[in-house]
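A.B. asks: File follows, my_file_39.cif with mmCIF, C-alpha atoms:
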data_input
#
loop_
_atom_site.label_atom_id
_atom_site.label_comp_id
_atom_site.auth_asym_id
_atom_site.auth_seq_id
_atom_site.Cartn_x
_atom_site.Cartn_y
_atom_site.Cartn_z
CA MET I 1 155.71 395.24 -53.49
CA ASP I 2 152.32 396.93 -53.56
CA VAL I 3 149.64 394.71 -55.10
CA PHE I 4 148.47 397.46 -57.43
CA VAL I 5 152.00 398.05 -58.78
CA LEU I 6 152.47 394.31 -59.25
CA MET I 7 149.14 394.12 -61.09
CA ILE I 8 150.25 396.88 -63.48
CA LEU I 9 153.57 395.10 -64.11
CA VAL I 10 151.84 391.76 -64.75
CA ALA I 11 149.33 393.43 -67.08
CA GLY I 12 152.25 395.14 -68.86
CA VAL I 13 154.10 391.86 -69.43
CA VAL I 14 150.95 390.14 -70.71
CA TYR I 15 150.12 393.06 -72.99
CA ALA I 16 153.69 393.21 -74.34
CA CYS I 17 153.48 389.50 -75.25
CA ARG I 18 150.09 389.97 -76.89
CA ALA I 19 151.14 393.07 -78.83
CA SER I 20 154.57 391.87 -79.95
CA GLY I 21 153.24 389.72 -82.79
CA PHE I 22 151.16 392.64 -84.09
CA VAL I 23 154.05 395.10 -83.89
CA LEU I 24 156.72 392.97 -85.59
CA ASN I 25 156.48 393.73 -89.27
CA LEU I 26 156.64 390.43 -91.11
CA GLN I 27 154.73 391.40 -94.23
CA HIS I 28 157.39 389.98 -96.55
CA THR I 29 157.95 386.65 -94.89
CA PRO I 30 159.94 383.84 -96.54
CA ALA I 31 157.99 380.80 -97.75
CA TRP I 32 159.17 378.58 -94.90
CA MET I 33 157.91 381.13 -92.35
CA GLU I 34 154.51 381.20 -94.08
CA GLN I 35 154.38 377.41 -93.76
CA TYR I 36 155.58 377.57 -90.16
CA LEU I 37 152.85 380.03 -89.17
CA HIS I 38 150.23 377.85 -90.92
CA TYR I 39 151.08 375.02 -88.51
CA VAL I 40 151.17 377.18 -85.34
CA PRO I 41 147.41 377.03 -84.58
CA ILE I 42 147.33 373.28 -85.24
CA ALA I 43 150.18 372.69 -82.78
CA VAL I 44 148.81 375.12 -80.17
CA PHE I 45 145.25 373.75 -80.21
CA SER I 46 146.56 370.20 -79.88
CA ALA I 47 148.64 371.35 -76.91
CA LEU I 48 145.54 372.87 -75.32
CA VAL I 49 143.40 369.73 -75.80
CA ALA I 50 145.68 366.87 -74.75
CA PRO I 51 146.92 368.14 -71.33
CA ALA I 52 143.36 369.01 -70.32
CA LEU I 53 142.37 365.37 -70.86
CA ILE I 54 145.20 363.81 -68.88
CA ARG I 55 144.92 366.14 -65.88
CA GLU I 56 144.68 364.44 -62.47
CA PRO I 57 142.50 363.44 -60.70
CA ASP I 58 140.03 363.12 -63.62
CA ILE I 59 142.38 360.90 -65.67
CA LEU I 60 142.31 358.32 -62.85
CA ASP I 61 138.55 357.93 -63.39
CA PHE I 62 138.41 355.58 -66.40
CA LYS I 63 134.69 356.09 -67.03
CA LEU I 64 134.97 359.88 -66.96
CA THR I 65 137.89 359.85 -69.41
CA ALA I 66 135.98 357.47 -71.70
CA PHE I 67 132.92 359.78 -71.64
CA LYS I 68 135.12 362.74 -72.52
CA LEU I 69 136.70 360.88 -75.44
CA VAL I 70 133.26 359.81 -76.74
CA ALA I 71 131.95 363.39 -76.46
CA LEU I 72 135.05 364.74 -78.22
CA GLY I 73 134.67 362.17 -81.00
CA VAL I 74 130.99 362.92 -81.58
CA ALA I 75 131.52 366.70 -81.47
CA GLY I 76 134.49 366.31 -83.84
CA VAL I 77 132.48 364.31 -86.38
CA PHE I 78 129.59 366.78 -86.03
CA VAL I 79 131.72 369.86 -86.70
CA TRP I 80 133.58 368.08 -89.51
CA ARG I 81 130.33 367.19 -91.29
CA THR I 82 128.30 370.33 -90.57
CA ARG I 83 130.92 373.07 -89.88
CA ARG I 84 128.50 374.32 -87.16
CA PHE I 85 130.97 375.04 -84.41
CA GLY I 86 128.65 376.37 -81.67
CA VAL I 87 126.18 373.51 -82.07
CA ALA I 88 129.05 371.00 -81.93
CA ILE I 89 130.13 372.34 -78.53
CA ILE I 90 126.57 372.04 -77.21
CA VAL I 91 126.23 368.51 -78.66
CA GLY I 92 129.52 367.49 -77.01
CA MET I 93 128.64 368.91 -73.59
CA VAL I 94 125.08 367.53 -73.58
CA LEU I 95 126.33 364.10 -74.61
CA PHE I 96 129.03 364.20 -71.91
CA TRP I 97 126.51 365.16 -69.20
CA ALA I 98 124.03 362.52 -70.46
CA LEU I 99 126.72 359.82 -70.28
CA THR I 100 127.79 360.84 -66.76
CA LEU I 101 124.14 360.90 -65.61
CA ILE I 102 122.91 357.73 -67.30
CA VAL I 103 125.94 355.44 -67.47
CA GLY I 104 128.16 357.00 -64.78
CA MET B 1 130.01 402.44 -83.81
CA LYS B 2 130.28 401.15 -87.37
CA LEU B 3 132.20 398.17 -86.03
CA LEU B 4 129.47 397.26 -83.52
CA GLN B 5 126.92 397.07 -86.36
CA SER B 6 129.12 394.82 -88.48
CA PRO B 7 127.63 391.30 -88.96
CA ALA B 8 131.12 389.78 -88.64
CA PHE B 9 131.61 391.53 -85.27
CA ARG B 10 128.28 390.16 -84.02
CA ARG B 11 129.12 386.68 -85.33
CA GLY B 12 132.45 386.81 -83.51
CA PHE B 13 130.75 387.88 -80.28
CA MET B 14 128.11 385.15 -80.52
CA ALA B 15 130.66 382.46 -81.45
CA VAL B 16 132.31 382.66 -78.03
CA THR B 17 129.14 382.53 -75.93
CA PRO B 18 129.34 378.71 -75.46
CA LEU B 19 132.61 379.37 -73.59
CA TRP B 20 130.86 381.51 -70.98
CA VAL B 21 129.70 378.38 -69.12
CA SER B 22 133.31 377.43 -68.43
CA ALA B 23 134.20 380.90 -67.12
CA LEU B 24 132.16 380.66 -63.91
CA PRO B 25 133.94 377.74 -62.17
CA VAL B 26 137.32 379.26 -63.08
CA ALA B 27 136.17 382.63 -61.77
CA LEU B 28 135.05 380.98 -58.52
CA ALA B 29 138.48 379.38 -58.10
CA TYR B 30 140.13 382.71 -58.89
CA ILE B 31 138.18 384.76 -56.33
CA ILE B 32 138.71 382.18 -53.59
CA GLN B 33 142.46 382.32 -54.22
CA ALA B 34 142.48 386.12 -54.61
CA ARG B 35 140.68 386.54 -51.28
CA ASN B 36 143.23 384.23 -49.66
CA ALA B 37 145.93 386.49 -51.11
CA GLY B 38 144.29 389.48 -49.40
CA LEU B 39 142.90 391.22 -52.49
CA ASN B 40 139.78 393.32 -51.99
CA PRO B 41 136.75 393.05 -54.36
CA PHE B 42 137.90 396.07 -56.38
CA GLN B 43 141.40 394.63 -56.88
CA ILE B 44 139.93 391.23 -57.81
CA GLN B 45 137.75 392.80 -60.49
CA LEU B 46 140.52 395.12 -61.66
CA MET B 47 142.89 392.22 -62.23
CA SER B 48 140.31 390.49 -64.42
CA ALA B 49 139.99 393.67 -66.50
CA MET B 50 143.70 394.54 -66.67
CA VAL B 51 145.45 391.17 -66.87
CA TYR B 52 142.47 389.37 -68.44
CA HIS B 53 144.09 385.94 -68.50
CA SER B 54 142.57 383.43 -66.07
CA PRO B 55 145.52 380.98 -65.73
CA ILE B 56 147.92 383.88 -65.12
CA GLN B 57 145.55 385.42 -62.57
CA LEU B 58 145.37 382.10 -60.73
CA VAL B 59 149.16 381.77 -60.72
CA VAL B 60 149.74 385.38 -59.61
CA THR B 61 147.30 385.08 -56.72
CA GLN B 62 148.90 381.79 -55.69
CA PHE B 63 152.31 383.51 -55.74
CA LEU B 64 150.85 386.32 -53.58
CA VAL B 65 149.64 383.74 -51.07
CA ASP B 66 153.15 382.22 -51.07
CA ASN B 67 154.82 385.66 -50.75
CA ALA B 68 156.92 385.02 -53.87
CA ALA B 69 159.42 387.58 -55.18
CA ALA B 70 158.12 390.00 -57.81
CA LEU B 71 160.79 388.89 -60.29
CA THR B 72 159.71 385.24 -59.97
CA ILE B 73 156.11 386.25 -60.59
CA LEU B 74 156.96 388.34 -63.66
CA ALA B 75 159.26 385.70 -65.16
CA THR B 76 156.54 383.06 -64.78
CA VAL B 77 153.95 385.39 -66.31
CA LEU B 78 156.29 385.99 -69.26
CA MET B 79 156.68 382.23 -69.85
CA MET B 80 152.91 381.76 -69.69
CA ALA B 81 152.08 384.59 -72.09
CA VAL B 82 154.90 384.60 -74.63
CA HIS B 83 153.11 382.21 -77.03
CA HIS B 84 150.73 385.09 -77.86
CA LEU B 85 153.58 386.43 -79.99
CA LEU B 86 152.89 383.58 -82.42
CA TYR B 87 149.19 384.44 -82.53
CA GLY B 88 149.90 388.05 -83.49
CA LEU B 89 152.35 386.97 -86.20
CA SER B 90 149.86 384.43 -87.53
CA LEU B 91 146.96 386.94 -87.60
CA THR B 92 148.88 389.78 -89.25
CA ARG B 93 149.96 387.33 -91.96
CA THR B 94 146.36 387.15 -93.20
CA LEU B 95 144.50 390.17 -91.82
CA SER B 96 145.36 393.80 -92.34
CA PHE B 97 144.98 395.85 -89.17
CA GLY B 98 144.84 399.61 -88.79
CA ARG B 99 147.24 401.08 -86.21
CA ARG B 100 144.51 401.49 -83.56
CA GLU B 101 143.00 398.07 -84.35
CA ARG B 102 146.38 396.41 -83.71
CA PHE B 103 146.59 397.77 -80.17
CA VAL B 104 142.94 397.09 -79.36
CA ALA B 105 143.16 393.55 -80.78
CA ALA B 106 146.36 392.91 -78.80
CA TYR B 107 144.77 393.97 -75.49
CA SER B 108 142.21 391.19 -75.45
CA LEU B 109 143.89 388.52 -77.57
CA THR B 110 143.18 385.08 -76.13
CA ASP B 111 143.63 381.46 -77.21
CA ALA B 112 139.91 381.09 -77.96
CA ALA B 113 139.49 384.38 -79.86
CA TYR B 114 142.52 383.52 -82.00
CA GLY B 115 141.34 379.96 -82.56
CA LEU B 116 137.81 380.90 -83.56
CA THR B 117 139.11 383.56 -85.96
CA ILE B 118 141.62 381.23 -87.62
CA ALA B 119 138.90 378.58 -87.97
CA GLN B 120 136.89 381.00 -90.14
CA GLY B 121 139.30 380.26 -92.97
CA ALA B 122 138.57 382.52 -95.95
CA ASN B 123 135.87 384.33 -93.91
CA MET B 124 138.23 385.49 -91.15
CA SER B 125 138.21 389.24 -90.57
CA VAL B 126 139.31 391.90 -88.09
CA PRO B 127 135.69 392.64 -86.97
CA PHE B 128 135.16 388.92 -86.26
CA LEU B 129 138.33 388.81 -84.15
CA LEU B 130 137.35 391.96 -82.22
CA GLY B 131 133.81 390.61 -81.69
CA ALA B 132 135.18 387.31 -80.34
CA GLU B 133 137.62 389.18 -78.10
CA LEU B 134 134.88 391.40 -76.68
CA GLY B 135 132.67 388.34 -76.11
CA ILE B 136 135.37 386.62 -74.08
CA PHE B 137 136.20 389.84 -72.20
CA VAL B 138 132.53 390.27 -71.25
CA GLY B 139 132.25 386.58 -70.31
CA TRP B 140 135.35 386.54 -68.08
CA ASN B 141 134.74 389.87 -66.36
CA GLY B 142 131.03 389.08 -65.99
CA ALA B 143 131.88 385.70 -64.47
CA THR B 144 134.31 387.38 -62.05
CA ALA B 145 131.59 389.81 -60.94
CA VAL B 146 128.92 387.09 -60.65
CA ALA B 147 131.32 384.87 -58.69
CA GLN B 148 132.12 387.75 -56.32
CA ILE B 149 128.46 388.60 -55.68
CA PHE B 150 126.75 385.19 -55.82
CA GLY B 151 129.73 382.85 -55.26
CA GLY B 152 128.29 381.34 -52.11
CA LEU B 153 125.06 380.26 -53.83
CA PHE B 154 126.60 377.97 -56.45
CA GLY B 155 127.97 375.31 -54.16
CA ASP B 156 130.36 372.82 -55.69
CA LEU B 157 130.34 373.18 -59.49
CA SER B 158 133.21 370.74 -59.98
CA ARG B 159 130.82 367.78 -60.25
CA LEU B 160 129.42 369.29 -63.48
CA HIS B 161 132.88 369.24 -65.11
CA LEU B 162 132.20 372.55 -66.84
CA ASP B 163 135.91 372.87 -67.56
CA PHE B 164 135.49 370.14 -70.18
CA VAL B 165 134.08 372.79 -72.52
CA VAL B 166 137.62 374.18 -72.98
CA PRO B 167 139.29 371.08 -74.53
CA LEU B 168 136.03 370.42 -76.38
CA THR B 169 136.20 373.88 -77.95
CA PHE B 170 139.81 373.57 -79.00
CA PHE B 171 139.24 370.08 -80.36
CA ALA B 172 136.33 371.34 -82.50
CA LEU B 173 138.57 374.19 -83.71
CA LEU B 174 141.34 371.71 -84.49
CA VAL B 175 138.97 369.60 -86.60
CA THR B 176 138.02 372.65 -88.66
CA ILE B 177 141.61 373.61 -89.50
CA VAL B 178 143.18 370.18 -90.11
CA ARG B 179 142.82 369.73 -93.87
CA LYS B 180 145.96 368.00 -95.13
CA ARG B 181 147.89 364.91 -94.14
CA THR B 182 150.79 367.07 -92.92
CA ASP B 183 148.33 369.03 -90.70
CA LEU B 184 147.29 365.73 -89.12
CA VAL B 185 150.91 364.68 -88.57
CA VAL B 186 151.67 368.02 -86.89
CA ALA B 187 148.58 367.62 -84.67
CA LEU B 188 149.64 364.10 -83.62
CA CYS B 189 153.21 365.29 -82.91
CA ALA B 190 151.81 368.17 -80.86
CA VAL B 191 149.54 365.87 -78.84
CA THR B 192 152.44 363.51 -78.12
CA LEU B 193 154.87 366.28 -77.21
CA SER B 194 152.33 368.10 -75.02
CA VAL B 195 151.62 364.90 -73.06
CA ILE B 196 155.38 364.40 -72.58
CA CYS B 197 155.80 368.06 -71.48
CA VAL B 198 153.00 367.70 -68.93
CA LYS B 199 154.38 364.41 -67.63
CA ILE B 200 157.85 365.87 -67.09
CA GLY B 201 156.31 368.85 -65.30
CA LEU B 202 156.77 371.67 -67.81
CA GLY B 203 153.27 372.92 -66.96
CA SER B 204 152.40 376.27 -68.48
CA VAL B 205 155.46 376.28 -70.76
CA THR B 206 153.92 373.33 -72.64
CA VAL B 207 151.93 375.46 -75.10
CA LEU B 208 154.99 377.56 -75.94
CA ALA B 209 157.28 374.52 -76.34
CA VAL B 210 154.80 372.71 -78.58
CA GLY B 211 153.83 375.88 -80.49
CA LEU B 212 157.46 376.60 -81.33
CA THR B 213 158.71 373.12 -82.19
CA CYS B 214 155.91 371.12 -83.84
CA PRO B 215 155.33 373.55 -86.76
CA LEU B 216 158.94 372.75 -87.77
CA VAL B 217 157.79 369.16 -88.42
CA GLY B 218 155.13 370.53 -90.75
CA VAL B 219 157.65 372.73 -92.57
CA ALA B 220 160.03 369.77 -93.03
CA LEU B 221 157.24 367.53 -94.32
CA SER B 222 155.86 370.21 -96.65
CA ARG B 223 159.26 370.45 -98.32
CA ARG B 224 159.47 366.70 -98.82
CA VAL B 225 155.87 366.09 -99.96
CA PRO B 226 154.44 368.43 -102.62
CA THR B 227 150.85 369.16 -101.61
CA VAL B 228 147.84 370.06 -103.71
CA PRO B 229 146.37 373.39 -102.52
CA GLN B 230 143.15 372.85 -100.55
CA PRO B 231 140.17 375.21 -100.72
CA GLU B 232 139.88 377.27 -97.53
CA GLY B 233 136.70 376.60 -95.56
CA GLY B 234 135.17 378.25 -92.51
CA VAL B 235 133.13 377.49 -89.43
#
Mind turning this structure into C-alpha cells?
C.D. replies:
Amino acid sequence: MDVFVLMILVAGVVYACRASGFVLNLQHTPAWMEQYLHYVPIAVFSALVAPALIREPDILDFKLTAFKLVALGVAGVFVWRTRRFGVAIIVGMVLFWALTLIVG
Amino acid sequence: MKLLQSPAFRRGFMAVTPLWVSALPVALAYIIQARNAGLNPFQIQLMSAMVYHSPIQLVVTQFLVDNAAALTILATVLMMAVHHLLYGLSLTRTLSFGRRERFVAAYSLTDAAYGLTIAQGANMSVPFLLGAELGIFVGWNGATAVAQIFGGLFGDLSRLHLDFVVPLTFFALLVTIVRKRTDLVVALCAVTLSVICVKIGLGSVTVLAVGLTCPLVGVALSRRVPTVPQPEGGV
C-alpha cells in the first residue's frame, strides 16, 4: 500500500477515535455514568505514570528509579500545596537532574 | 481571532510549554525510524501534522520497516487510540462545545491537553482546551522539524532522561484531581493494574484496559460510601 494512503487511513482512525466522544450525545447521562466519567482521568493518568517508571532498562538502575521517585514526590507535594502546575514540573525536573549529577 | 485573544486560550497554550522539552528526544527517535522506513522529509513532517500522535507514529513507522500488513497496522492504531473516546465523553459532560469547536477540539485531542484541562476544575473551559491543544501541536510539529534539520547536532539526548517529564506531568495532574478517598483508591487500583498489564505484555492497550475497568471500582465504592461534596479547585 502507498505510504500516503496508509497515512490518511491511520489519521482517519485516530481522528475517528478522538471525535467519537464528542459526537456521542450523552447530555442526559445516568448518575452512575457521571460517576464513572469522574474516575476516568484518575485511572488514565495513573496508567500513564506507573508504566513509564517501570520501563526497562531504567528500572534496573536502582539509583535512577530512586531519583525519579524522589522528584515525583517533591513535585507532587509542591503542586498539592501551591497548585502551581508548571513550576512543579520544573522543580521536579531540576531536582531529578541535580540528583543524577550530584549523587549519581 | 477572538479565541486567540482569550486569556484562557493563552493560559492553555502556556500550560503545555514545559512538555516541549520532552518532544525533542521522541521526535529524534521518530525521524530515525521514519527514515529507516523510507519516508522522505515531507512525509515525515506530514505524518506529524496529520496523525499527530507520537507513540502511534513510532509504531506505524516500525510496522513499515517490518513490511506489516495494512490491516495489522490499522487494528493496532485503533487499539492505541480508542481511549480518546473516554476523553471526549468526559469533556462534553462538563463543557459545552459549538459544532465547529467539537471537530477542531477532536483533531488535536491528546492525553496532556485533556489532563491539563480536567485539572483546571471549576476553571476548565473550551478556550483553555484549544489553547493547550495548539501548544502541544506546535511543540510536536516544531520538534519534528527541528529534529529533521538539526538532528545530527544533538548527539545522544538519552542521558538527560528528558522523557521523565511525561510521567512527572501526569503525576502532577493526578495530584490535582485526587480529592476524595475513593479517588485515591481508584488511582492505586489503576497503578496496580497498569503494572500488571505492562508485565504481561499488554503494551499500548494498558491505558484503555485501565481506563475502562478502574472507574468501575470508583462507581462501586461511591455507592457504598456516601461522600461529602468537595469544592472544585484548579491548577
A.B. asks: Could you work out how far atom CA of Ile149 of chain B lies from atom CA of Leu24 of chain B, giving the answer in Å with one decimal?
C.D. replies: 12.0 Å
A.B. asks: Could you state the separation of atom CA of Lys180 of chain B and atom CA of Pro30 of chain I in Å, given to one decimal place?
C.D. replies: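 Interatomic distance, atom CA of Lys180 of chain B to atom CA of Pro30 of chain I: 21.2 Å.
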A.B. asks: How many Å lie between atom CA of Asp163 of chain B and atom CA of Leu101 of chain I, rounded to one decimal?
C.D. replies: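 Atom CA of Leu101 of chain I lies 16.9 Å from atom CA of Asp163 of chain B.
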A.B. asks: Specify as an mmCIF file with C-alpha atoms, in the coordinates of the input each residue included when the PyMOL selection byres ((chain B) within 6 of (chain I)) is applied to this file.
C.D. replies:
data_model
loop_
_atom_site.group_PDB
_atom_site.id
_atom_site.type_symbol
_atom_site.label_atom_id
_atom_site.label_comp_id
_atom_site.auth_asym_id
_atom_site.auth_seq_id
_atom_site.Cartn_x
_atom_site.Cartn_y
_atom_site.Cartn_z
ATOM 1 C CA MET B 50 143.700 394.540 -66.670
ATOM 2 C CA VAL B 51 145.450 391.170 -66.870
ATOM 3 C CA ALA B 81 152.080 384.590 -72.090
ATOM 4 C CA VAL B 82 154.900 384.600 -74.630
ATOM 5 C CA HIS B 84 150.730 385.090 -77.860
ATOM 6 C CA LEU B 85 153.580 386.430 -79.990
ATOM 7 C CA GLY B 88 149.900 388.050 -83.490
ATOM 8 C CA LEU B 89 152.350 386.970 -86.200
ATOM 9 C CA SER B 90 149.860 384.430 -87.530
ATOM 10 C CA ALA B 106 146.360 392.910 -78.800
ATOM 11 C CA TYR B 107 144.770 393.970 -75.490
ATOM 12 C CA PRO B 167 139.290 371.080 -74.530
ATOM 13 C CA PHE B 170 139.810 373.570 -79.000
ATOM 14 C CA ALA B 172 136.330 371.340 -82.500
ATOM 15 C CA ALA B 187 148.580 367.620 -84.670
ATOM 16 C CA ALA B 190 151.810 368.170 -80.860
ATOM 17 C CA VAL B 191 149.540 365.870 -78.840
ATOM 18 C CA SER B 194 152.330 368.100 -75.020
ATOM 19 C CA VAL B 195 151.620 364.900 -73.060
ATOM 20 C CA VAL B 207 151.930 375.460 -75.100
ATOM 21 C CA GLY B 211 153.830 375.880 -80.490
ATOM 22 C CA PRO B 215 155.330 373.550 -86.760
ATOM 23 C CA VAL B 219 157.650 372.730 -92.570
ATOM 24 C CA VAL B 235 133.130 377.490 -89.430
#
A.B. asks: What would the selection look like, as number ranges by chain, if the PyMOL selection byres ((chain B and resi 112-115) around 7) were run on the coordinates I just shared?
C.D. replies: B: 87, 109-111, 116-119, 129, 132-133, 173
A.B. asks: Can you tell me which residues surround Pro7 of chain B at a distance of at most 10 Å, considering only C-alpha atoms, apart from same-chain residues fewer than 4 positions away, and format the answer as a PDB file with C-alpha atoms, in the frame of the given file?
C.D. replies:
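Once written, selection33.pdb looks like this:
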ATOM      1  CA  LEU B   3     132.200 398.170 -86.030  1.00  0.00           C
ATOM      2  CA  ARG B  11     129.120 386.680 -85.330  1.00  0.00           C
ATOM      3  CA  GLY B  12     132.450 386.810 -83.510  1.00  0.00           C
ATOM      4  CA  PHE B  13     130.750 387.880 -80.280  1.00  0.00           C
ATOM      5  CA  PRO B 127     135.690 392.640 -86.970  1.00  0.00           C
ATOM      6  CA  PHE B 128     135.160 388.920 -86.260  1.00  0.00           C
ATOM      7  CA  GLY B 131     133.810 390.610 -81.690  1.00  0.00           C
TER       8      GLY B 131
END
A.B. asks: Between B:Gln57, B:Ser125, B:Ser108, B:Asn67, which one has atoms that come closest to Ile31 of chain B, using only C-alpha atoms?
C.D. replies: B:Gln57
A.B. asks: Using all atoms listed in the file, which of B:Cys189, B:Ile177, B:Ala75, B:Val138 sits nearest Leu19 of chain B?
C.D. replies: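 Under the stated criterion, the closest residue is B:Val138.
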A.B. asks: Apply the PyMOL selection byres ((chain B and resi 49) around 10) to the file shown and report the selected residues as a PyMOL selection string.
C.D. replies: (chain I and resi 11) or (chain B and resi 43-48+50-53+108+137-138+140-141+144)
A.B. asks: Go ahead and fit an axis-aligned box to every listed atom of segment 6-18 of chain I plus 3 Å each side, and pass me the centre and edge lengths in Å, one decimal, as JSON.
C.D. replies:
{"center_x": 151.6, "center_y": 393.2, "center_z": -68.1, "size_x": 11.0, "size_y": 13.4, "size_z": 23.6}
A.B. asks: Name all residues at most 12 Å from Arg35 of chain B (count all atoms listed in the file; drop same-chain ones fewer than 6 positions away) and give them as a list in words.
C.D. replies: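 The filter keeps Leu28, Ala29, Pro41, Phe42, Gln43, Ile44, Gln45, Leu58, Thr61, Gln62, Leu64, Val65 and Gln148 of chain B.
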A.B. asks: Output the selection as an mmCIF file, in the frame of the given file - C-alpha atoms for each residue.
C.D. replies:
data_model
loop_
_atom_site.group_PDB
_atom_site.id
_atom_site.type_symbol
_atom_site.label_atom_id
_atom_site.label_comp_id
_atom_site.auth_asym_id
_atom_site.auth_seq_id
_atom_site.Cartn_x
_atom_site.Cartn_y
_atom_site.Cartn_z
ATOM 1 C CA LEU B 28 135.050 380.980 -58.520
ATOM 2 C CA ALA B 29 138.480 379.380 -58.100
ATOM 3 C CA PRO B 41 136.750 393.050 -54.360
ATOM 4 C CA PHE B 42 137.900 396.070 -56.380
ATOM 5 C CA GLN B 43 141.400 394.630 -56.880
ATOM 6 C CA ILE B 44 139.930 391.230 -57.810
ATOM 7 C CA GLN B 45 137.750 392.800 -60.490
ATOM 8 C CA LEU B 58 145.370 382.100 -60.730
ATOM 9 C CA THR B 61 147.300 385.080 -56.720
ATOM 10 C CA GLN B 62 148.900 381.790 -55.690
ATOM 11 C CA LEU B 64 150.850 386.320 -53.580
ATOM 12 C CA VAL B 65 149.640 383.740 -51.070
ATOM 13 C CA GLN B 148 132.120 387.750 -56.320
#
A.B. asks: Could you give me, as a ChimeraX atom specification, the residues that sit within 8 Å of (131.7, 376.5, -74.8) in the file's coordinates, counting all atoms listed in the file?
C.D. replies: /I:86,89-90 /B:16-22,165-166,168-169
A.B. asks: With a distance cut-off of 12 Å and all atoms listed in the file, select the neighbouring residues of Asp66 of chain B, excluding the residue or stretch itself and same-chain residues fewer than 6 positions from it, and output the selection as a short mmCIF file (atom, residue, chain, number, x, y, z; two decimals) with C-alpha atoms, in the frame of the given file.
C.D. replies:
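Heads up, here's the output in around_18.cif:
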data_model
loop_
_atom_site.label_atom_id
_atom_site.label_comp_id
_atom_site.auth_asym_id
_atom_site.auth_seq_id
_atom_site.Cartn_x
_atom_site.Cartn_y
_atom_site.Cartn_z
CA GLN B 33 142.46 382.32 -54.22
CA ALA B 34 142.48 386.12 -54.61
CA ASN B 36 143.23 384.23 -49.66
CA ALA B 37 145.93 386.49 -51.11
CA GLY B 38 144.29 389.48 -49.40
CA VAL B 59 149.16 381.77 -60.72
CA VAL B 60 149.74 385.38 -59.61
CA THR B 72 159.71 385.24 -59.97
CA ILE B 73 156.11 386.25 -60.59
#
